[in-house]
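Engineer: Pasting a structure below so you can have a look.
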Amino acid sequence: MSVRVQALLKSPWIFHLSTGSCNNCDIEILDCLTPRFDVERFGMLLAGSIRHADVLVVTGSASRKCIPRMKQIYEQMPKPCFVVAIGECALSRGMFIQSYNCPLPIDKIIPVDVYIPGCPPKPEAIIAGIMKLVKKTEEGLKNKQAV
Amino acid sequence: MIYIFVCYGFLLSAMMGLIASWVDRKLTARIQYRVGPPFFQPWFDLIKLSGKELLIPTTALRQVFLTAPVFGLASVILASTILWLNDLHASQSFVGDLIVVVYLLMIPSICIMIGGFASGNPLAGLGSSREMKLILSYELPFILAVLVPVIKSGYSLRLNDILAFQMQHGVMITSLSGFLAFLVCVLCIQAKLGLVPFDMPEAETEIVGGPLIEYSGICLAIFKLMKYMLLFVLPFFVIILFWGGWRLTGVHLWLGLLKYIIFILLVVVIRNTNPRVRVDQAMRFFWGTLTGLSSIAVLLAWIGK
Ligand code: SF4
């Protein structure tokens, strides 16, 4: 169990799902892959297909049309996996909180492991968030072994 | 035999392939002014993928979908065993092993294609049909180019005879026909490996991985391992044919390594300096320019140049 989670933490492949965002968050995620930030040094790659992915990166405020699709995508992702919510919209629906079209925040629909706030968050913040996830999981594994 | 099969055919080739794939990724990153992945990245990727859940789509043909990667990997291991056999037990090599290797090296592409069709995903089907067109286009110049060393070594279909000929008369690549055929082989190998500019079957940005789109978990890991091993086995085959092989004794060990590194550098540079071409452009290129070049090489070899 722990070997496979450790290997997963060394090469988390990312699938990017936009559930009705304004596209700013998406652009910031793509920024992480550019030479300036280069997440490949942590082994992260952008996976084209959800079947290859380990981390589901969700942006946007989960509109009604997107909710069933988001659930479907989450179920199609091979486990073990993580979910990262990026941007104010994904965390709490942000300025769309009163909207008729956004009934629920994302973490009421699928389990979210990391929240990265910001509108949009900087690429540095996104990378720091994902590294926090890696550290947290590693520590959890260590504590489990100690017990 | 079993020993060669496991130690050389599988383990050594897989190690070399994994290291080569890391070199490929790191160099690509450096060319783009990035830092690139750490050294053990390919190993982590494989371990991670084999620990993940294996999903089988309901539309898939179950047996074909699951066995396609296994057959692909098995044929690569067999091909590399036959190649190593020439180095280690030359007496045990057989007449016609050249043809067997050419066939075995074609099976991985066919397995990817069949796996894609069996998954029942329309994008995978599209990728598979592109893969099929690509196989049809590169096999002709590749086989013509492979004929050149055969003709030069006095019509021998045994890899060992070709190696012995090169020991006596100098390597193939120094002659004009050998050089042309070598160039054709390098470009065909680029297509066989599915690297840019001939990666349209997998085109991540258009059809999100093509035939591999529905694969996950251990099956994807086997396909990845197969591709990494091809990154070693195909250059090794071409080095045997045109560049005097790779003997594991004394200075030849390091010379062989140098040849292989030059080959990998060539592949990486081609991959990083070219955009992806369309299928019709690739077919025109392979059936026109490269078939012409390799025909000229065969003619030159026939008149003894
Ligand atoms: S959090 Fe801000 S930047 Fe991101 S999708 Fe919402 S409104 Fe756009």
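Here, A, B, ... name the chains of the structure tokens in the order displayed, residue numbers run from 1 inside each chain, and ligands are numbered from 1 in the same displayed order.
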Show me which bits of chain A are within 9 Å of chain B, counting only C-alpha atoms, as a VMD selection string.
Structural biologist: chain A and resid 1 3 to 12 34 to 44 47 to 54 76 to 81
Engineer: Run DSSP on the backbone and give me the residues of range 19-93 of chain A it puts in helix (DSSP H, G or I), as a VMD selection string.
Structural biologist: chain A and resid 24 to 31 39 to 42 50 to 52 66 to 76 88 to 92
Engineer: Go ahead and dump the residues you just picked, N, CA and C atoms, as an mmCIF file, in the first residue's frame.
Structural biologist:
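The resulting out_4.cif:
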```cif
data_model
loop_
_atom_site.group_PDB
_atom_site.id
_atom_site.type_symbol
_atom_site.label_atom_id
_atom_site.label_comp_id
_atom_site.auth_asym_id
_atom_site.auth_seq_id
_atom_site.Cartn_x
_atom_site.Cartn_y
_atom_site.Cartn_z
ATOM 1 N N ASN A 24 -9.716 32.207 -15.889
ATOM 2 C CA ASN A 24 -8.485 32.754 -15.348
ATOM 3 C C ASN A 24 -7.707 31.699 -14.596
ATOM 4 N N CYS A 25 -8.435 30.916 -13.766
ATOM 5 C CA CYS A 25 -7.777 29.864 -12.997
ATOM 6 C C CYS A 25 -7.127 28.860 -13.934
ATOM 7 N N ASP A 26 -7.809 28.528 -15.041
ATOM 8 C CA ASP A 26 -7.272 27.544 -15.983
ATOM 9 C C ASP A 26 -5.961 28.027 -16.577
ATOM 10 N N ILE A 27 -5.935 29.336 -16.877
ATOM 11 C CA ILE A 27 -4.704 29.867 -17.456
ATOM 12 C C ILE A 27 -3.571 29.816 -16.448
ATOM 13 N N GLU A 28 -3.907 30.065 -15.167
ATOM 14 C CA GLU A 28 -2.852 29.997 -14.141
ATOM 15 C C GLU A 28 -2.336 28.576 -13.991
ATOM 16 N N ILE A 29 -3.217 27.585 -14.157
ATOM 17 C CA ILE A 29 -2.756 26.193 -14.064
ATOM 18 C C ILE A 29 -1.806 25.888 -15.213
ATOM 19 N N LEU A 30 -2.166 26.351 -16.398
ATOM 20 C CA LEU A 30 -1.285 26.104 -17.540
ATOM 21 C C LEU A 30 0.059 26.803 -17.343
ATOM 22 N N ASP A 31 0.030 27.935 -16.627
ATOM 23 C CA ASP A 31 1.282 28.637 -16.329
ATOM 24 C C ASP A 31 2.269 27.753 -15.592
ATOM 25 N N VAL A 39 6.517 22.298 -13.466
ATOM 26 C CA VAL A 39 6.173 21.298 -12.459
ATOM 27 C C VAL A 39 6.716 19.916 -12.801
ATOM 28 N N GLU A 40 7.315 19.742 -13.991
ATOM 29 C CA GLU A 40 7.822 18.405 -14.296
ATOM 30 C C GLU A 40 8.967 18.031 -13.367
ATOM 31 N N ARG A 41 9.592 19.023 -12.724
ATOM 32 C CA ARG A 41 10.662 18.667 -11.792
ATOM 33 C C ARG A 41 10.127 17.935 -10.581
ATOM 34 N N PHE A 42 8.811 18.045 -10.287
ATOM 35 C CA PHE A 42 8.206 17.227 -9.236
ATOM 36 C C PHE A 42 7.579 15.961 -9.826
ATOM 37 N N ILE A 50 -8.560 11.115 -18.467
ATOM 38 C CA ILE A 50 -8.789 10.956 -17.029
ATOM 39 C C ILE A 50 -8.293 9.593 -16.540
ATOM 40 N N ARG A 51 -8.224 8.597 -17.430
ATOM 41 C CA ARG A 51 -7.770 7.260 -17.013
ATOM 42 C C ARG A 51 -6.294 7.250 -16.641
ATOM 43 N N HIS A 52 -5.539 8.228 -17.133
ATOM 44 C CA HIS A 52 -4.111 8.252 -16.808
ATOM 45 C C HIS A 52 -3.833 9.117 -15.592
ATOM 46 N N CYS A 66 -22.734 20.947 -14.981
ATOM 47 C CA CYS A 66 -21.433 20.308 -14.794
ATOM 48 C C CYS A 66 -21.441 19.263 -13.692
ATOM 49 N N ILE A 67 -22.382 19.383 -12.738
ATOM 50 C CA ILE A 67 -22.299 18.517 -11.560
ATOM 51 C C ILE A 67 -22.333 17.022 -11.926
ATOM 52 N N PRO A 68 -23.315 16.564 -12.743
ATOM 53 C CA PRO A 68 -23.287 15.125 -13.075
ATOM 54 C C PRO A 68 -22.014 14.712 -13.800
ATOM 55 N N ARG A 69 -21.519 15.601 -14.654
ATOM 56 C CA ARG A 69 -20.303 15.254 -15.394
ATOM 57 C C ARG A 69 -19.088 15.174 -14.473
ATOM 58 N N MET A 70 -19.073 16.083 -13.483
ATOM 59 C CA MET A 70 -17.950 16.065 -12.544
ATOM 60 C C MET A 70 -17.947 14.766 -11.754
ATOM 61 N N LYS A 71 -19.155 14.340 -11.327
ATOM 62 C CA LYS A 71 -19.254 13.075 -10.593
ATOM 63 C C LYS A 71 -18.766 11.931 -11.460
ATOM 64 N N GLN A 72 -19.184 11.950 -12.737
ATOM 65 C CA GLN A 72 -18.799 10.877 -13.646
ATOM 66 C C GLN A 72 -17.276 10.843 -13.814
ATOM 67 N N ILE A 73 -16.690 12.020 -14.008
ATOM 68 C CA ILE A 73 -15.230 12.094 -14.183
ATOM 69 C C ILE A 73 -14.530 11.550 -12.953
ATOM 70 N N TYR A 74 -15.059 11.928 -11.754
ATOM 71 C CA TYR A 74 -14.414 11.452 -10.527
ATOM 72 C C TYR A 74 -14.484 9.933 -10.443
ATOM 73 N N GLU A 75 -15.634 9.370 -10.834
ATOM 74 C CA GLU A 75 -15.760 7.913 -10.762
ATOM 75 C C GLU A 75 -14.872 7.217 -11.779
ATOM 76 N N GLN A 76 -14.584 7.890 -12.896
ATOM 77 C CA GLN A 76 -13.757 7.257 -13.924
ATOM 78 C C GLN A 76 -12.277 7.295 -13.599
ATOM 79 N N GLU A 88 -11.285 30.658 -5.837
ATOM 80 C CA GLU A 88 -12.378 30.989 -4.930
ATOM 81 C C GLU A 88 -13.680 30.324 -5.380
ATOM 82 N N CYS A 89 -13.915 30.272 -6.658
ATOM 83 C CA CYS A 89 -15.149 29.676 -7.179
ATOM 84 C C CYS A 89 -15.261 28.232 -6.744
ATOM 85 N N ALA A 90 -14.160 27.482 -6.882
ATOM 86 C CA ALA A 90 -14.209 26.067 -6.569
ATOM 87 C C ALA A 90 -14.331 25.852 -5.068
ATOM 88 N N LEU A 91 -13.803 26.797 -4.277
ATOM 89 C CA LEU A 91 -13.854 26.629 -2.829
ATOM 90 C C LEU A 91 -15.255 26.904 -2.287
ATOM 91 N N SER A 92 -15.799 28.068 -2.660
ATOM 92 C CA SER A 92 -17.050 28.469 -2.016
ATOM 93 C C SER A 92 -18.041 29.089 -2.994
#
```
Engineer: Show which residues sit within 9 Å of range 240-242 of chain B, as a list of chain:residue names. Count only C-alpha atoms, and ignore same-chain residues fewer than 3 positions away.
Structural biologist: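 So, after excluding close chain neighbours, the residues are B:Leu83, B:Val146, B:Pro149, B:Val150, B:Leu159, B:Ile162, B:Leu163, B:Gln166, B:Val171, B:Met172, B:Ile173, B:Thr174, B:Gly178, B:Phe179, B:Ala181, B:Phe182, B:Pro235, B:Phe236, B:Phe237, B:Gly245, B:Trp246.
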Engineer: Each residue of chain A with at least one atom at most 12 Å from ligand 1 should appear once, together with its nearest atom pair and the corresponding distance in Å (one decimal); atoms considered: only C-alpha atoms and all ligand atoms; ordering: chain, then increasing residue number; output as CSV.
Structural biologist:
```
residue,atom,partner,partner_atom_place_in_ligand_line,distance
A:Leu17,CA,ligand 1,5 (S),11.5
A:Ser18,CA,ligand 1,5 (S),8.5
A:Thr19,CA,ligand 1,5 (S),8.9
A:Gly20,CA,ligand 1,5 (S),7.5
A:Ser21,CA,ligand 1,5 (S),3.8
A:Cys22,CA,ligand 1,8 (Fe),4.1
A:Asn23,CA,ligand 1,5 (S),5.7
A:Asn24,CA,ligand 1,3 (S),4.4
A:Cys25,CA,ligand 1,4 (Fe),4.2
A:Asp26,CA,ligand 1,5 (S),7.5
A:Ile27,CA,ligand 1,3 (S),9.0
A:Glu28,CA,ligand 1,3 (S),8.7
A:Ile29,CA,ligand 1,4 (Fe),10.3
A:Val58,CA,ligand 1,5 (S),9.9
A:Thr59,CA,ligand 1,5 (S),6.1
A:Gly60,CA,ligand 1,5 (S),4.7
A:Ser61,CA,ligand 1,6 (Fe),6.8
A:Ala62,CA,ligand 1,5 (S),10.3
A:Ser63,CA,ligand 1,5 (S),11.9
A:Ala85,CA,ligand 1,1 (S),10.0
A:Ile86,CA,ligand 1,4 (Fe),7.3
A:Gly87,CA,ligand 1,1 (S),3.8
A:Glu88,CA,ligand 1,1 (S),4.0
A:Cys89,CA,ligand 1,6 (Fe),4.1
A:Ala90,CA,ligand 1,1 (S),6.7
A:Leu91,CA,ligand 1,1 (S),8.2
A:Ser92,CA,ligand 1,1 (S),9.2
A:Arg93,CA,ligand 1,6 (Fe),7.4
A:Gly94,CA,ligand 1,6 (Fe),6.6
A:Met95,CA,ligand 1,7 (S),7.2
A:Phe96,CA,ligand 1,7 (S),8.4
A:Ile97,CA,ligand 1,6 (Fe),10.9
A:Tyr115,CA,ligand 1,1 (S),11.6
A:Ile116,CA,ligand 1,1 (S),9.8
A:Pro117,CA,ligand 1,1 (S),7.7
A:Gly118,CA,ligand 1,1 (S),6.2
A:Cys119,CA,ligand 1,2 (Fe),3.6
A:Pro120,CA,ligand 1,3 (S),3.8
A:Pro121,CA,ligand 1,4 (Fe),7.5
A:Lys122,CA,ligand 1,3 (S),10.1
```
Engineer: Could you name the residues that touch Gly127 in chain B at 7 Å or less, counting only C-alpha atoms, but leaving out those on the same chain fewer than 5 positions away, as a list in words?
Structural biologist: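 Near neighbours after the sequence-gap exclusion: Pro201, Glu202, Gly210 and Pro211 of chain B.
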Engineer: Quick one: of B:His252, B:Arg271, B:Arg247, B:Lys192, who's nearest to Glu131 in chain B, counting only C-alpha atoms?
Structural biologist: B:Lys192
Engineer: Quick one: residues within 8 Å of range 127-131 of chain A, only C-alpha atoms counted, chain neighbours fewer than 2 positions away excluded, as number ranges by chain?
Structural biologist: A: 32, 39, 84, 114-116, 123-125, 133-135
Engineer: Identify, on the basis of only C-alpha atoms, every residue whose closest approach to range 273-280 of chain B does not exceed 10 Å; exclude the query and any residue fewer than 6 positions from it along the same chain; express the result as a PyMOL selection string.
Structural biologist: chain B and resi 31+130-131+133-134+137+195-201+203+286
Engineer: Those residues you just picked out, can you put them in a file as a JSON list (two decimals), in the first residue's frame with N, CA, C and O atoms?
Structural biologist:
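Saved result, part15.json, follows:
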```json
[["chain", "number", "residue", "atom", "x", "y", "z"],
["B", 31, "ILE", "N", 16.23, 21.78, -23.27],
["B", 31, "ILE", "CA", 16.10, 22.55, -24.52],
["B", 31, "ILE", "C", 15.03, 23.62, -24.36],
["B", 31, "ILE", "O", 15.15, 24.71, -24.92],
["B", 130, "ARG", "N", -4.90, 5.99, -37.51],
["B", 130, "ARG", "CA", -3.70, 6.74, -37.89],
["B", 130, "ARG", "C", -2.46, 5.86, -37.74],
["B", 130, "ARG", "O", -1.56, 5.90, -38.57],
["B", 131, "GLU", "N", -2.43, 5.09, -36.64],
["B", 131, "GLU", "CA", -1.29, 4.19, -36.40],
["B", 131, "GLU", "C", -1.15, 3.22, -37.57],
["B", 131, "GLU", "O", -0.06, 2.96, -38.07],
["B", 133, "LYS", "N", -2.14, 3.62, -40.68],
["B", 133, "LYS", "CA", -1.61, 4.30, -41.87],
["B", 133, "LYS", "C", -0.12, 4.53, -41.71],
["B", 133, "LYS", "O", 0.65, 4.40, -42.66],
["B", 134, "LEU", "N", 0.29, 4.85, -40.49],
["B", 134, "LEU", "CA", 1.72, 5.11, -40.26],
["B", 134, "LEU", "C", 2.53, 3.83, -40.45],
["B", 134, "LEU", "O", 3.59, 3.84, -41.07],
["B", 137, "SER", "N", 2.98, 3.17, -43.98],
["B", 137, "SER", "CA", 3.90, 4.06, -44.69],
["B", 137, "SER", "C", 5.36, 3.81, -44.33],
["B", 137, "SER", "O", 6.21, 3.85, -45.19],
["B", 195, "LEU", "N", 7.42, 9.16, -31.83],
["B", 195, "LEU", "CA", 7.85, 10.45, -31.31],
["B", 195, "LEU", "C", 7.58, 11.54, -32.34],
["B", 195, "LEU", "O", 7.44, 11.25, -33.53],
["B", 196, "VAL", "N", 7.52, 12.78, -31.86],
["B", 196, "VAL", "CA", 7.38, 13.92, -32.75],
["B", 196, "VAL", "C", 8.53, 13.83, -33.77],
["B", 196, "VAL", "O", 9.63, 13.48, -33.38],
["B", 197, "PRO", "N", 8.37, 14.12, -35.05],
["B", 197, "PRO", "CA", 7.19, 14.64, -35.75],
["B", 197, "PRO", "C", 6.17, 13.59, -36.20],
["B", 197, "PRO", "O", 5.22, 13.94, -36.86],
["B", 198, "PHE", "N", 6.38, 12.32, -35.84],
["B", 198, "PHE", "CA", 5.43, 11.30, -36.32],
["B", 198, "PHE", "C", 4.59, 10.76, -35.17],
["B", 198, "PHE", "O", 4.38, 9.57, -35.06],
["B", 199, "ASP", "N", 4.12, 11.62, -34.28],
["B", 199, "ASP", "CA", 3.36, 11.11, -33.14],
["B", 199, "ASP", "C", 1.86, 11.33, -33.32],
["B", 199, "ASP", "O", 1.13, 11.37, -32.35],
["B", 200, "MET", "N", 1.41, 11.44, -34.58],
["B", 200, "MET", "CA", -0.03, 11.73, -34.74],
["B", 200, "MET", "C", -0.95, 10.62, -34.25],
["B", 200, "MET", "O", -2.07, 10.91, -33.90],
["B", 201, "PRO", "N", -0.52, 9.34, -34.14],
["B", 201, "PRO", "CA", -1.45, 8.38, -33.53],
["B", 201, "PRO", "C", -1.77, 8.73, -32.09],
["B", 201, "PRO", "O", -2.84, 8.42, -31.60],
["B", 203, "ALA", "N", -1.05, 11.91, -30.59],
["B", 203, "ALA", "CA", -1.26, 13.35, -30.46],
["B", 203, "ALA", "C", -2.03, 13.77, -29.22],
["B", 203, "ALA", "O", -3.25, 13.90, -29.24],
["B", 286, "PHE", "N", 7.17, 9.29, -46.43],
["B", 286, "PHE", "CA", 7.75, 7.95, -46.36],
["B", 286, "PHE", "C", 7.71, 7.25, -47.72],
["B", 286, "PHE", "O", 8.67, 6.61, -48.12]]
```
Engineer: Between CA of Val233 in chain B and CA of His89 in chain B, what is the spacing in Å?
Structural biologist: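 Interatomic distance here is 18.0 Å.
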Engineer: Can you work out the spacing between CA of Val23 in chain B and CA of Ile143 in chain B in Å, to one decimal?
Structural biologist: 28.5 Å
Engineer: Figure out the distance between CA of Ile151 in chain B and CA of Phe165 in chain B, please, to one decimal in Å.
Structural biologist: 11.3 Å
Engineer: Looking only at the backbone, which of the residues in range 31-142 of chain A does DSSP tag as strand (DSSP E), as a PyMOL selection string?
Structural biologist: chain A and resi 45-46+55-59+82-86+114-116
Engineer: Next, the residues of the selection above should be written as an mmCIF file, in the first residue's frame with C-alpha atoms.
Structural biologist:
```
data_model
loop_
_atom_site.group_PDB
_atom_site.id
_atom_site.type_symbol
_atom_site.label_atom_id
_atom_site.label_comp_id
_atom_site.auth_asym_id
_atom_site.auth_seq_id
_atom_site.Cartn_x
_atom_site.Cartn_y
_atom_site.Cartn_z
ATOM 1 C CA LEU A 45 2.580 15.860 -16.058
ATOM 2 C CA LEU A 46 -0.628 17.064 -17.617
ATOM 3 C CA VAL A 55 -4.832 14.281 -9.368
ATOM 4 C CA LEU A 56 -8.098 15.872 -10.453
ATOM 5 C CA VAL A 57 -7.687 19.628 -10.518
ATOM 6 C CA VAL A 58 -11.093 21.319 -10.395
ATOM 7 C CA THR A 59 -11.733 24.967 -11.133
ATOM 8 C CA PHE A 82 -6.501 13.098 -5.075
ATOM 9 C CA VAL A 83 -8.742 16.053 -5.770
ATOM 10 C CA VAL A 84 -7.508 19.639 -5.670
ATOM 11 C CA ALA A 85 -9.910 22.588 -5.790
ATOM 12 C CA ILE A 86 -8.377 25.728 -7.240
ATOM 13 C CA VAL A 114 -6.559 20.433 -0.956
ATOM 14 C CA TYR A 115 -8.086 23.894 -1.224
ATOM 15 C CA ILE A 116 -6.065 26.609 -2.942
#
```
Engineer: Given the choices B:Gly250, B:Leu140, B:Leu157, B:Leu193, which gets closest to Gly292 in chain B if the distance is worked out from only C-alpha atoms?
Structural biologist: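 Of B:Gly250, B:Leu140, B:Leu157, B:Leu193, the one nearest Gly292 in chain B, counting only C-alpha atoms, is B:Leu140.
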